Structure formats: C-alpha cells, structure tokens
Amino acid sequence: MGPAYRIATDRLILRCFEPRDAEALKSAVDASLDHLARWLPWAREEPQPLDAKIELLRQFRGKFDLSKDFVFGIFDREERALLGGAGMHARVGADAREIGYWIASAHEHRGFATEAAAALTRVGFEVEKLARMEIHCDPANVRSAAIPQRLGYTHDATLRARLPRPGGTMGERMIWSMLGGEFASSGASRFPCEAFDAIGRRILERHDSVRPRRSAFR
C-alpha cells in the first residue's frame with residue numbers, strides 16, 4: 001500500500017520533503033534555534049547555508065523513495081507555511097518505526113505535534129502494518145513527553161545518559177511504545193486523517209464516523 005507520501009488532517013498536510021522546500025525549511029529552523037537546540041542535537045549544528053539544506057532534502061527524498069527512512073514536512077492545509085517536521089525513522093528494529101517531530105517556534109502550543117504524531121501512528125499501523133511504534137524524548141521536555149501518553153503509548157523505560165544535551169552533557173532518554181495489538185484501543189486509531197501514495201491514490205481513509213474530541217489532540 002505504502003509508503004504514504006502525503007497525509008492530510010483537519011489542519012495539516014504532512015508530505016515528503018522536496019528540494020524546493022529548502023528555503024522554507026531554513027527559514028523555519030533559523031527562526032527557532034533557541035527552542036530547537038535545547039532538545040534536538042541536529043539543531044546545534046545550525047544555522048546551515050541554503051545549499052546544505054538543498055542537499056539534505058535531496059537525501060531525505062532519496063531515502064524516502066527507497067523506503068529506507070521517512071521524513072515529512074509539516075505544512076498548513078494550503079501548504080503556504082512550513083510549520084515543522086516529522087519522521088518515521090527505521091532505526092528501532094525490524095517491523096518498527098520511531099516517530100520524531102519538531103514545530104517551529106512561531107507555531108508552538110497549538111497541538112500540531114500531537115496531530116502529526118497521531119496521523120503517523122495510524123499510517124504506521126494501518127498502511128505499513130508495523131508491529132511496534134516508538135516515540136523517544138527527553139523527560140525534561142514535558143510538552144513533548146505528554147504527546148505519546150495522550151495518544152495511548154506506554155512508557156517502557158527512562159534510560160540514563162542517552163541523549164546529548166547542550167554543553168556536552170548527556171541527559172535521559174524516555175522511551176514510549178505502542179504494539180500492533182494495542183493500536184485499535186488507542187486514541188490514535190480514531191484520529192481523522194487520510195493518506196496518499198506516490199501518485200496520489202488514497203491508501204488510508206479518514207474515519208470520520210468516529211471523531212475524537214479536538215481537545216484530545218491539543
């Protein structure tokens with residue numbers, strides 16, 4: 001069925017990055033460095049020149065097309081603004097993906113990361129037919145840690161000295177997971193979104209018949 005190249009929710013479009021998104025990505029990241037660098041090791045290497053962003057997005061697209069890794073841009077419904085990024089990363093074992101997400105500082109506190117994570121959870125289990133999905137975060141990032149709990153993930157462990165922090169120290173890594181057999185009873189399974197393959201064929205229906213309270217995803 002997959003992979004899903006485009007995912008639509010009520011407020012967002014998640015789609016495979018293209019090199020043409022480089023300027024929007026650079027602008028969003030550069031304007032959010034104080035926020036992002038606190039939690040994301042890659043952001044501590046920023047800012048980078050535009051040409052580096054173009055090459056990065058070429059690599060993202062290449063890995064996406066080869067089903068090696070899946071990085072999405074998070075856009076508003078009209079695709080006029082890049083709100084952040086998300087991924088389903090193939091680095092946690094066979095038949096599993098790790099969801100990652102970040103939101104530009106201008107668009108924080110509106111539930112976009114939760115909405116993106118819910119949509120990717122549905123895609124992972126219903127399109128990719130995965131056995132397990134995970135979300136990792138720094139427990140000090142309270143807002144990020146609340147997202148997997150809200151969606152029905154289980155806190156498996158908090159590991160010591162696993163996440164690089166600013167200043168060269170190592171912080172804790174909190175690991176949340178959801179198994180395939182747990183998905184149907186989770187809030188994420190009822191999240192209204194639809195997904196499309198590389199040529200625009202619908203591969204995931206919205207589930208409009210069972211809509212969660214919007215507040216559950218904020």
# chains A, B, ... in the order shown; residues from 1 in each chain; ligands from 1
$ closest_atom_pairs --of "range 99-120 of chain A" --to "range 52-71 of chain A" --cutoff "10 Å" --atoms "only C-alpha atoms" --output "JSON lines"
{"residue": "A:Ile99", "atom": "CA", "partner": "A:Phe70", "partner_atom": "CA", "distance": 9.6}
{"residue": "A:Gly100", "atom": "CA", "partner": "A:Val71", "partner_atom": "CA", "distance": 9.0}
{"residue": "A:Tyr101", "atom": "CA", "partner": "A:Val71", "partner_atom": "CA", "distance": 9.5}
$ residues_around --residues "Leu12 in chain A" --least-positions-apart "2" --cutoff "12 Å" --atoms "only C-alpha atoms" --output "number ranges by chain"
A: 6-10, 14-15, 72-86, 110-119, 192-195
$ write_last_selection --atoms "C-alpha atoms" --output "mmCIF file, in the first residue's frame"
data_model
loop_
_atom_site.group_PDB
_atom_site.id
_atom_site.type_symbol
_atom_site.label_atom_id
_atom_site.label_comp_id
_atom_site.auth_asym_id
_atom_site.auth_seq_id
_atom_site.Cartn_x
_atom_site.Cartn_y
_atom_site.Cartn_z
ATOM 1 C CA ARG A 6 1.100 12.752 1.641
ATOM 2 C CA ILE A 7 -1.062 12.766 4.776
ATOM 3 C CA ALA A 8 -3.944 15.188 5.354
ATOM 4 C CA THR A 9 -5.505 16.014 8.737
ATOM 5 C CA ASP A 10 -8.073 18.692 9.539
ATOM 6 C CA LEU A 14 2.389 16.099 6.072
ATOM 7 C CA ARG A 15 4.263 15.303 2.885
ATOM 8 C CA PHE A 72 7.955 14.676 6.279
ATOM 9 C CA GLY A 73 7.449 18.399 6.229
ATOM 10 C CA ILE A 74 4.522 19.614 8.328
ATOM 11 C CA PHE A 75 2.599 22.304 6.435
ATOM 12 C CA ASP A 76 -0.645 24.179 6.886
ATOM 13 C CA ARG A 77 -3.555 22.909 4.789
ATOM 14 C CA GLU A 78 -2.824 25.372 1.980
ATOM 15 C CA GLU A 79 0.907 24.485 2.061
ATOM 16 C CA ARG A 80 1.769 28.163 2.358
ATOM 17 C CA ALA A 81 3.701 27.794 5.611
ATOM 18 C CA LEU A 82 6.135 25.168 6.851
ATOM 19 C CA LEU A 83 5.157 24.534 10.467
ATOM 20 C CA GLY A 84 7.771 21.904 11.340
ATOM 21 C CA GLY A 85 8.958 18.417 10.506
ATOM 22 C CA ALA A 86 8.246 14.828 11.451
ATOM 23 C CA ARG A 110 -1.384 24.689 19.001
ATOM 24 C CA GLY A 111 -1.293 20.893 19.109
ATOM 25 C CA PHE A 112 0.394 20.425 15.745
ATOM 26 C CA ALA A 113 2.997 17.940 17.024
ATOM 27 C CA THR A 114 0.294 15.775 18.605
ATOM 28 C CA GLU A 115 -1.770 15.924 15.424
ATOM 29 C CA ALA A 116 1.225 14.896 13.316
ATOM 30 C CA ALA A 117 2.182 12.063 15.683
ATOM 31 C CA ALA A 118 -1.392 10.735 15.714
ATOM 32 C CA ALA A 119 -1.507 10.715 11.915
ATOM 33 C CA PRO A 192 -9.359 11.591 11.360
ATOM 34 C CA CYS A 193 -6.773 11.719 8.596
ATOM 35 C CA GLU A 194 -6.215 10.314 5.135
ATOM 36 C CA ALA A 195 -3.055 9.307 3.293
#
$ atom_distance --atom1 "CA of Arg97 in chain A" --atom2 "CA of Arg132 in chain A"
6.9 Å
$ select_by_dssp --residues "range 91-217 of chain A" --states "helix (DSSP H, G or I)" --output "MDAnalysis selection string"
chainID A and resid 105:107 112:127 142:151 166:168 180:183 187:190 214:217
$ atom_distance --atom1 "CA of Arg206 in chain A" --atom2 "CA of Glu126 in chain A"
11.7 Å
$ select_by_dssp --residues "range 21-98 of chain A" --states "strand (DSSP E)" --output "MDAnalysis selection string"
chainID A and resid 70:76 82:89 96:98
$ write_last_selection --atoms "C-alpha atoms" --output "PDB file, in the first residue's frame"
ATOM      1  CA  PHE A  70      10.648   8.682   6.037  1.00  0.00           C
ATOM      2  CA  VAL A  71      10.954  12.395   6.791  1.00  0.00           C
ATOM      3  CA  PHE A  72       7.955  14.676   6.279  1.00  0.00           C
ATOM      4  CA  GLY A  73       7.449  18.399   6.229  1.00  0.00           C
ATOM      5  CA  ILE A  74       4.522  19.614   8.328  1.00  0.00           C
ATOM      6  CA  PHE A  75       2.599  22.304   6.435  1.00  0.00           C
ATOM      7  CA  ASP A  76      -0.645  24.179   6.886  1.00  0.00           C
ATOM      8  CA  LEU A  82       6.135  25.168   6.851  1.00  0.00           C
ATOM      9  CA  LEU A  83       5.157  24.534  10.467  1.00  0.00           C
ATOM     10  CA  GLY A  84       7.771  21.904  11.340  1.00  0.00           C
ATOM     11  CA  GLY A  85       8.958  18.417  10.506  1.00  0.00           C
ATOM     12  CA  ALA A  86       8.246  14.828  11.451  1.00  0.00           C
ATOM     13  CA  GLY A  87       9.605  11.406  10.700  1.00  0.00           C
ATOM     14  CA  MET A  88       9.007   7.686  10.859  1.00  0.00           C
ATOM     15  CA  HIS A  89      12.561   6.518  11.356  1.00  0.00           C
ATOM     16  CA  ALA A  96       9.124  -0.916  13.843  1.00  0.00           C
ATOM     17  CA  ARG A  97       9.487   2.846  13.435  1.00  0.00           C
ATOM     18  CA  GLU A  98      10.388   5.714  15.740  1.00  0.00           C
TER      19      GLU A  98
END
$ residues_around --residues "Val29 in chain A" --least-positions-apart "6" --cutoff "12 Å" --atoms "only C-alpha atoms" --output "VMD selection string"
chain A and resid 22 to 23 35 to 37 40 42 to 50 53 82 to 85 102 to 107
$ write_last_selection --atoms "C-alpha atoms" --output "PDB file, in the first residue's frame"
ATOM      1  CA  ALA A  22      14.823  24.232   1.270  1.00  0.00           C
ATOM      2  CA  GLU A  23      14.231  27.962   1.701  1.00  0.00           C
ATOM      3  CA  HIS A  35      13.951  26.466  21.119  1.00  0.00           C
ATOM      4  CA  LEU A  36      15.126  23.568  18.961  1.00  0.00           C
ATOM      5  CA  ALA A  37      18.748  23.436  20.084  1.00  0.00           C
ATOM      6  CA  LEU A  40      17.462  18.299  19.265  1.00  0.00           C
ATOM      7  CA  TRP A  42      20.915  18.257  14.933  1.00  0.00           C
ATOM      8  CA  ALA A  43      19.745  21.802  15.660  1.00  0.00           C
ATOM      9  CA  ARG A  44      23.046  22.538  17.424  1.00  0.00           C
ATOM     10  CA  GLU A  45      24.763  22.322  14.037  1.00  0.00           C
ATOM     11  CA  GLU A  46      22.588  25.135  12.697  1.00  0.00           C
ATOM     12  CA  PRO A  47      22.361  27.554  11.016  1.00  0.00           C
ATOM     13  CA  GLN A  48      23.489  25.977   7.774  1.00  0.00           C
ATOM     14  CA  PRO A  49      23.663  27.561   4.309  1.00  0.00           C
ATOM     15  CA  LEU A  50      20.847  27.119   1.836  1.00  0.00           C
ATOM     16  CA  LYS A  53      19.573  22.399   3.110  1.00  0.00           C
ATOM     17  CA  LEU A  82       6.135  25.168   6.851  1.00  0.00           C
ATOM     18  CA  LEU A  83       5.157  24.534  10.467  1.00  0.00           C
ATOM     19  CA  GLY A  84       7.771  21.904  11.340  1.00  0.00           C
ATOM     20  CA  GLY A  85       8.958  18.417  10.506  1.00  0.00           C
ATOM     21  CA  TRP A 102       9.522  19.343  15.833  1.00  0.00           C
ATOM     22  CA  ILE A 103       7.466  22.502  15.472  1.00  0.00           C
ATOM     23  CA  ALA A 104       8.789  25.934  14.534  1.00  0.00           C
ATOM     24  CA  SER A 105       8.649  28.387  17.419  1.00  0.00           C
ATOM     25  CA  ALA A 106       6.108  30.622  15.627  1.00  0.00           C
ATOM     26  CA  HIS A 107       3.611  27.743  15.594  1.00  0.00           C
TER      27      HIS A 107
END
$ decode --residues "range 179-191 of chain A" --atoms "N, CA and C atoms" --output "PDB file, in the first residue's frame"
ATOM      1  N   LEU A 179       2.286  -1.277  20.622  1.00  0.00           N
ATOM      2  CA  LEU A 179       2.343  -2.509  19.858  1.00  0.00           C
ATOM      3  C   LEU A 179       1.128  -2.614  18.937  1.00  0.00           C
ATOM      4  N   GLY A 180       1.271  -3.403  17.894  1.00  0.00           N
ATOM      5  CA  GLY A 180       0.181  -3.523  16.935  1.00  0.00           C
ATOM      6  C   GLY A 180      -1.129  -3.935  17.558  1.00  0.00           C
ATOM      7  N   GLY A 181      -1.082  -4.829  18.540  1.00  0.00           N
ATOM      8  CA  GLY A 181      -2.295  -5.291  19.186  1.00  0.00           C
ATOM      9  C   GLY A 181      -2.936  -4.269  20.100  1.00  0.00           C
ATOM     10  N   GLU A 182      -2.216  -3.192  20.414  1.00  0.00           N
ATOM     11  CA  GLU A 182      -2.747  -2.135  21.284  1.00  0.00           C
ATOM     12  C   GLU A 182      -3.335  -0.973  20.506  1.00  0.00           C
ATOM     13  N   PHE A 183      -3.048  -0.921  19.213  1.00  0.00           N
ATOM     14  CA  PHE A 183      -3.426   0.244  18.425  1.00  0.00           C
ATOM     15  C   PHE A 183      -4.930   0.468  18.365  1.00  0.00           C
ATOM     16  N   ALA A 184      -5.705  -0.586  18.163  1.00  0.00           N
ATOM     17  CA  ALA A 184      -7.151  -0.429  17.954  1.00  0.00           C
ATOM     18  C   ALA A 184      -7.843   0.234  19.130  1.00  0.00           C
ATOM     19  N   SER A 185      -7.332   0.062  20.333  1.00  0.00           N
ATOM     20  CA  SER A 185      -7.962   0.648  21.517  1.00  0.00           C
ATOM     21  C   SER A 185      -7.365   2.004  21.889  1.00  0.00           C
ATOM     22  N   SER A 186      -6.435   2.498  21.098  1.00  0.00           N
ATOM     23  CA  SER A 186      -5.788   3.779  21.396  1.00  0.00           C
ATOM     24  C   SER A 186      -6.559   4.941  20.791  1.00  0.00           C
ATOM     25  N   GLY A 187      -6.328   6.138  21.332  1.00  0.00           N
ATOM     26  CA  GLY A 187      -6.936   7.330  20.762  1.00  0.00           C
ATOM     27  C   GLY A 187      -6.469   7.592  19.338  1.00  0.00           C
ATOM     28  N   ALA A 188      -5.238   7.224  19.031  1.00  0.00           N
ATOM     29  CA  ALA A 188      -4.701   7.479  17.694  1.00  0.00           C
ATOM     30  C   ALA A 188      -5.478   6.720  16.624  1.00  0.00           C
ATOM     31  N   SER A 189      -6.028   5.561  16.943  1.00  0.00           N
ATOM     32  CA  SER A 189      -6.739   4.768  15.933  1.00  0.00           C
ATOM     33  C   SER A 189      -7.988   5.474  15.439  1.00  0.00           C
ATOM     34  N   ARG A 190      -8.519   6.421  16.206  1.00  0.00           N
ATOM     35  CA  ARG A 190      -9.737   7.126  15.834  1.00  0.00           C
ATOM     36  C   ARG A 190      -9.455   8.517  15.260  1.00  0.00           C
ATOM     37  N   PHE A 191      -8.182   8.806  15.040  1.00  0.00           N
ATOM     38  CA  PHE A 191      -7.837  10.152  14.577  1.00  0.00           C
ATOM     39  C   PHE A 191      -8.204  10.327  13.105  1.00  0.00           C
TER      40      PHE A 191
END
